[in-house]
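Scroll down for the structure; my scribbles are underneath it.
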There are 2 protein chains.
Amino acid sequence: MGGRKNPKQPLAPPPAAYHHGDLREALVQAGVAILEESGLAALTLRETARRVGVSHAAPYHHFADKEALLAAVAARGFRMQREEMAVAAKRVDQKNDELQAYGLTYAAFAQAHPSLFRLMYSLGKAKVPSSDELNQATASVYEGILDGICEKTGCDREKAQSIALLLWSSVHGITMLWLDGQFDGPESPPLDALAFQVTEALAPVLRRQIPAA
Amino acid sequence: MGGRKNPKQPLAPPPAAYHHGDLREALVQAGVAILEESGLAALTLRETARRVGVSHAAPYHHFADKEALLAAVAARGFRMQREEMAVAAKRVDQKNDELQAYGLTYAAFAQAHPSLFRLMYSLGKAKVPSSDELNQATASVYEGILDGICEKTGCDREKAQSIALLLWSSVHGITMLWLDGQFDGPESPPLDALAFQVTEALAPVLRRQIPAA
DNA sequence: CGGCAATCTTTACAATGTAAAGTTTAGACT
DNA sequence: AGTCTAAACTTTACATTGTAAAGATTGCCG
């Protein structure tokens with residue numbers, strides 16, 4: 001035990017050699033995982049590095065700073081939401097309004113990934129000007145809704161924009177307020193119910209703007 | 001110069017003696033000021049202490065931890081918003097719908113105090129269970145809206161609740177999305193315009209629920 | 001096979017939140 | 001008055017974080 005350790009042969013299993021397969025991707029995934037498990041406060045640069053088994057300075061070779069990592073995680077979140085919404089759009093429950101289905105899916109995603117959702121929308125689109133990834137991902141959700149509305153209702157872009165704005169803000173608002181515990185109390189209604197109520201009340205307005213539905 | 005210093009007479013002007021008049025209040029005010037000037041990231045325990053001229057550990061005699069201070073600042077924000085909304089409710093522009101006026105005032109407050117607003121609603125109502133101050137302040141804004149609706153439209157509490165929910169979520173949503181830079185781009189519409197558009201589109205629904213207006 | 005650039009590690013530093021122990025003050029009780 | 005006590009505040013200390021700088025290791029290209 002007295003000899004000095006052999007530098008050529010590390011004792012413990014060196015997690016994955018020097019060059020990680022794709023550290024950037026691993027960090028983003030770890031970031032999402034931490035977020036889901038322990039919330040935003042636990043999502044620290046050093047903790048993510050720890051998770052993937054690299055030194056705490058390693059991330060700096062893939063992200064300019066912490067915010068850049070957060071932006072990448074947020075972008076991943078947007079992609080996830082976009083996919084879920086696209087899936088939901090295809091199997092619209094005929095009993096429900098298509099627009100309502102969008103809203104409910106939106107809320108459901110937020111409920112399933114609260115911390116991720118909050119990060120996504122609290123990061124600020126223009127906060128990270130260099131990160132085109134985020135900017136593009138951000139727009140994609142809204143664009144998806146817009147495209148869906150255009151396609152399903154067949155109205156022009158301008159009308160669709162107006163509809164989408166109202167729908168989006170209502171659902172986003174109710175979701176945020178719910179996430180922030182604004183409805184906690186003796187009643188504590190589930191988010192589903194609230195989102196349903198809001199989109200239901202909204203239905204006449206939305207339909208009134210659609211020329212032939 | 002060789003003598004030891006006289007303990008009874010501190011050399012520099014001891015900023016304000018030992019016992020601050022009302023340190024707690026001073027800290028909250030400083031917190032709001034920092035928030036408005038430099039944003040949430042700059043709102044640190046030590047910085048607030050520095051601002052009021054006390055040691056960095058002094059706040060712990062008035063707040064359990066940083067979150068407690070933030071909660072107090074948020075509560076102050078809620079009180080501010082509540083007052084602004086109450087004032088706005090009294091001088092409703094007759095050309096506008098009363099409900100719309102509420103929405104626009106809500107958005108205007110957020111635009112005037114972006115960081116404070118975000119803190120208020122991102123802190124979570126139940127996050128600080130001990131802080132009754134926050135819980136009470138939180139409810140007060142919504143209750144104010146509700147009372148206003150009841151009074152102005154004369155409909156029962158349940159209907160009013162439904163109206164308030166739709167109005168609140170829409171305006172809160174559009175405000176949050178705007179604050180988070182979701183509309184930044186070549187167009188970049190001002191929040192006023194967006195809030196107006198949303199509340200305008202909402203008007204028919206809201207009126208439809210009012211029995212005799 | 002030599003060297004270079006990218007990747008990763010080590011070391012270091014300032015700032016933060018928080019705990020523990022000391023110091024000063026205001027006011028209550030003889 | 002004078003003394004005691006608890007609250008308000010300070011000092012010191014420590015772990016954790018983000019970040020910078022410099023060194024080590026690797027794959028690859030000639």
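Chain labels follow the order of the structure tokens: the first chain is A, the next B, and so on; residue numbering restarts at 1 in every chain, and ligands are counted from 1 in their shown order.
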Margin query: At a cut-off of 10 Å, using only C-alpha atoms (C1' of nucleotides), what residues contact DG23 of chain D? Leave out same-chain residues fewer than 2 positions from it and give the result as a count of residues only.
Written below: 5
Next item on the list: Excluding segment 155-168 of chain A and any residue of its chain fewer than 3 positions from it, enumerate the residues within 9 Å of it, using only C-alpha atoms (C1' of nucleotides), and give them as an MDAnalysis selection string.
Entry: (chainID A and resid 99:100 102:103 106 142 145:147 149:152 171:173 199 202 205:206 209:212) or (chainID B and resid 170 173:174 194 197:199 201:202)
Just-selected residues, N, CA and C atoms written as a JSON list (two decimals), in the first residue's frame:
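Result file again_17.json:
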```
[["chain", "number", "residue", "atom", "x", "y", "z"],
["A", 99, "LEU", "N", -59.71, 22.82, -30.93],
["A", 99, "LEU", "CA", -58.97, 23.87, -30.25],
["A", 99, "LEU", "C", -58.86, 23.58, -28.77],
["A", 100, "GLN", "N", -59.95, 23.08, -28.23],
["A", 100, "GLN", "CA", -59.93, 22.73, -26.82],
["A", 100, "GLN", "C", -58.91, 21.64, -26.55],
["A", 102, "TYR", "N", -56.15, 21.15, -28.05],
["A", 102, "TYR", "CA", -54.84, 21.79, -27.98],
["A", 102, "TYR", "C", -54.60, 22.35, -26.58],
["A", 103, "GLY", "N", -55.55, 23.08, -26.11],
["A", 103, "GLY", "CA", -55.39, 23.71, -24.80],
["A", 103, "GLY", "C", -55.18, 22.69, -23.70],
["A", 106, "TYR", "N", -51.76, 21.20, -23.84],
["A", 106, "TYR", "CA", -50.80, 22.20, -23.36],
["A", 106, "TYR", "C", -50.72, 22.16, -21.83],
["A", 142, "TYR", "N", -45.84, 27.53, -30.58],
["A", 142, "TYR", "CA", -46.89, 28.46, -31.01],
["A", 142, "TYR", "C", -47.20, 28.27, -32.49],
["A", 145, "ILE", "N", -49.38, 25.35, -32.99],
["A", 145, "ILE", "CA", -50.78, 25.65, -32.71],
["A", 145, "ILE", "C", -51.41, 26.39, -33.88],
["A", 146, "LEU", "N", -50.70, 27.40, -34.33],
["A", 146, "LEU", "CA", -51.20, 28.22, -35.43],
["A", 146, "LEU", "C", -51.47, 27.38, -36.67],
["A", 147, "ASP", "N", -50.49, 26.57, -37.04],
["A", 147, "ASP", "CA", -50.66, 25.72, -38.21],
["A", 147, "ASP", "C", -51.88, 24.84, -38.04],
["A", 149, "ILE", "N", -54.51, 25.31, -36.22],
["A", 149, "ILE", "CA", -55.74, 26.08, -36.34],
["A", 149, "ILE", "C", -56.07, 26.38, -37.79],
["A", 150, "CYS", "N", -55.05, 26.83, -38.51],
["A", 150, "CYS", "CA", -55.25, 27.14, -39.93],
["A", 150, "CYS", "C", -55.79, 25.93, -40.67],
["A", 151, "GLU", "N", -55.13, 24.82, -40.42],
["A", 151, "GLU", "CA", -55.48, 23.60, -41.14],
["A", 151, "GLU", "C", -56.89, 23.14, -40.79],
["A", 152, "LYS", "N", -57.17, 23.14, -39.51],
["A", 152, "LYS", "CA", -58.44, 22.56, -39.07],
["A", 152, "LYS", "C", -59.63, 23.46, -39.39],
["A", 171, "VAL", "N", -54.95, 29.60, -21.82],
["A", 171, "VAL", "CA", -54.45, 28.32, -21.32],
["A", 171, "VAL", "C", -53.12, 28.49, -20.60],
["A", 172, "HIS", "N", -52.26, 29.32, -21.17],
["A", 172, "HIS", "CA", -50.98, 29.58, -20.51],
["A", 172, "HIS", "C", -51.22, 30.22, -19.15],
["A", 173, "GLY", "N", -52.12, 31.15, -19.12],
["A", 173, "GLY", "CA", -52.41, 31.84, -17.87],
["A", 173, "GLY", "C", -52.92, 30.90, -16.80],
["A", 199, "THR", "N", -61.40, 26.74, -21.48],
["A", 199, "THR", "CA", -61.54, 26.53, -22.92],
["A", 199, "THR", "C", -63.01, 26.36, -23.31],
["A", 202, "LEU", "N", -64.56, 29.58, -23.58],
["A", 202, "LEU", "CA", -63.99, 30.29, -24.71],
["A", 202, "LEU", "C", -64.57, 29.83, -26.04],
["A", 205, "VAL", "N", -66.59, 32.11, -28.51],
["A", 205, "VAL", "CA", -65.80, 33.16, -29.14],
["A", 205, "VAL", "C", -64.96, 32.59, -30.27],
["A", 206, "LEU", "N", -64.33, 31.50, -29.99],
["A", 206, "LEU", "CA", -63.46, 30.91, -30.99],
["A", 206, "LEU", "C", -64.27, 30.53, -32.23],
["A", 209, "GLN", "N", -65.46, 33.17, -34.73],
["A", 209, "GLN", "CA", -64.49, 33.75, -35.65],
["A", 209, "GLN", "C", -64.21, 32.85, -36.83],
["A", 210, "ILE", "N", -64.67, 31.62, -36.73],
["A", 210, "ILE", "CA", -64.42, 30.68, -37.81],
["A", 210, "ILE", "C", -65.54, 30.81, -38.83],
["A", 211, "PRO", "N", -65.20, 31.07, -40.08],
["A", 211, "PRO", "CA", -66.20, 31.32, -41.11],
["A", 211, "PRO", "C", -67.17, 30.16, -41.30],
["A", 212, "ALA", "N", -66.64, 28.99, -41.59],
["A", 212, "ALA", "CA", -67.54, 27.86, -41.87],
["A", 212, "ALA", "C", -67.11, 26.64, -41.07],
["B", 170, "SER", "N", -56.65, 34.86, -18.91],
["B", 170, "SER", "CA", -56.28, 35.44, -20.20],
["B", 170, "SER", "C", -55.27, 36.56, -20.02],
["B", 173, "GLY", "N", -52.02, 35.35, -18.61],
["B", 173, "GLY", "CA", -51.28, 34.62, -19.63],
["B", 173, "GLY", "C", -50.59, 35.55, -20.61],
["B", 174, "ILE", "N", -51.34, 36.47, -21.15],
["B", 174, "ILE", "CA", -50.75, 37.37, -22.15],
["B", 174, "ILE", "C", -49.63, 38.19, -21.50],
["B", 194, "LEU", "N", -51.70, 44.03, -26.91],
["B", 194, "LEU", "CA", -52.06, 42.63, -26.79],
["B", 194, "LEU", "C", -53.17, 42.43, -25.77],
["B", 197, "GLN", "N", -56.39, 43.60, -27.18],
["B", 197, "GLN", "CA", -56.91, 42.66, -28.16],
["B", 197, "GLN", "C", -57.58, 41.47, -27.49],
["B", 198, "VAL", "N", -56.89, 40.93, -26.49],
["B", 198, "VAL", "CA", -57.42, 39.75, -25.81],
["B", 198, "VAL", "C", -58.72, 40.08, -25.07],
["B", 199, "THR", "N", -58.71, 41.16, -24.32],
["B", 199, "THR", "CA", -59.91, 41.49, -23.55],
["B", 199, "THR", "C", -61.05, 41.88, -24.49],
["B", 201, "ALA", "N", -61.55, 40.64, -27.52],
["B", 201, "ALA", "CA", -62.10, 39.40, -28.08],
["B", 201, "ALA", "C", -62.93, 38.67, -27.04],
["B", 202, "LEU", "N", -62.62, 38.93, -25.80],
["B", 202, "LEU", "CA", -63.29, 38.24, -24.71],
["B", 202, "LEU", "C", -64.63, 38.88, -24.35]]
```
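Minimum atom-to-atom distance to DG27 of chain D, evaluated using only C-alpha atoms (C1' of nucleotides), belongs to C:DC4 out of C:DA15, C:DA21, C:DA28, C:DC4.
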May I have a table of the residues of chain D lying at most 8 Å from chain A, giving each one's closest pair of atoms and their distance in Å to one decimal, counting only C-alpha atoms (C1' of nucleotides), ordered by chain and ascending residue number, as CSV?
```
residue,atom,partner,partner_atom,distance
D:DT17,C1',A:Arg46,CA,8.0
D:DG18,C1',A:Lys66,CA,7.6
D:DT25,C1',A:Tyr18,CA,7.2
D:DT26,C1',A:Tyr18,CA,6.7
```
Check: Out of A:Pro59, A:Gly39, A:Gly154, A:Gly31, which residue has the shortest atom-to-atom distance to DT7 of chain C when counting only C-alpha atoms (C1' of nucleotides)?
Finding: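 Going through A:Pro59, A:Gly39, A:Gly154, A:Gly31 one by one, the smallest distance to DT7 of chain C is for A:Pro59.
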Closest-contact table, chain C side, partner chain B, 10 Å, counting only C-alpha atoms (C1' of nucleotides), as a tab-separated table:
```
residue	atom	partner	partner_atom	distance
C:DA15	C1'	B:Arg46	CA	9.6
C:DT16	C1'	B:Arg46	CA	7.8
C:DG17	C1'	B:Lys66	CA	7.7
C:DT18	C1'	B:Asp65	CA	8.2
C:DT24	C1'	B:Tyr18	CA	7.3
C:DT25	C1'	B:Tyr18	CA	6.8
C:DA26	C1'	B:His19	CA	8.8
```
Check: Which of these residues is nearest to DA8 of chain D, using only C-alpha atoms (C1' of nucleotides): C:DC29, C:DC13, C:DA6, C:DT23?
Finding: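 Among the listed residues, the smallest separation from DA8 of chain D belongs to C:DT23.
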Notebook entry, point to check: Using the chain letters and numbers from this document, which residues of segment 49-164 of chain B does DSSP assign to helix (DSSP H, G or I), as a PyMOL selection string?
Noted result: chain B and resi 49-52+58-61+66-90+98-112+114-122+132-153+157-164
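Proximity to chain A was assessed for B:Gly77, B:Gly21, B:Pro186, B:Gly148 counting only C-alpha atoms; the smallest distance is recorded for B:Pro186.
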Item checked: Residue neighbourhood Asp192 of chain B, 8 Å, only C-alpha atoms (C1' of nucleotides), exclusion window fewer than 2 positions, as a list in words ->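 Those residues are Leu104, Ala107, Ala108, Pro190, Leu194, Ala195 and Phe196 of chain B.
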Margin query: Between B:Ser38, B:Gln81, B:Ser55, B:Ser115, which residue has the minimum interatomic distance to chain A, considering only C-alpha atoms?
Written below: B:Ser115
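Nearest residue to chain A, choosing from B:Leu191, B:Val87, B:Leu179, B:Ala33 and counting only C-alpha atoms: B:Leu179.
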Check: At what distance in Å, to one decimal, does atom CA of Val73 of chain A lie from atom CA of Val32 of chain A?
Finding: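 Interatomic distance here is 6.2 Å.
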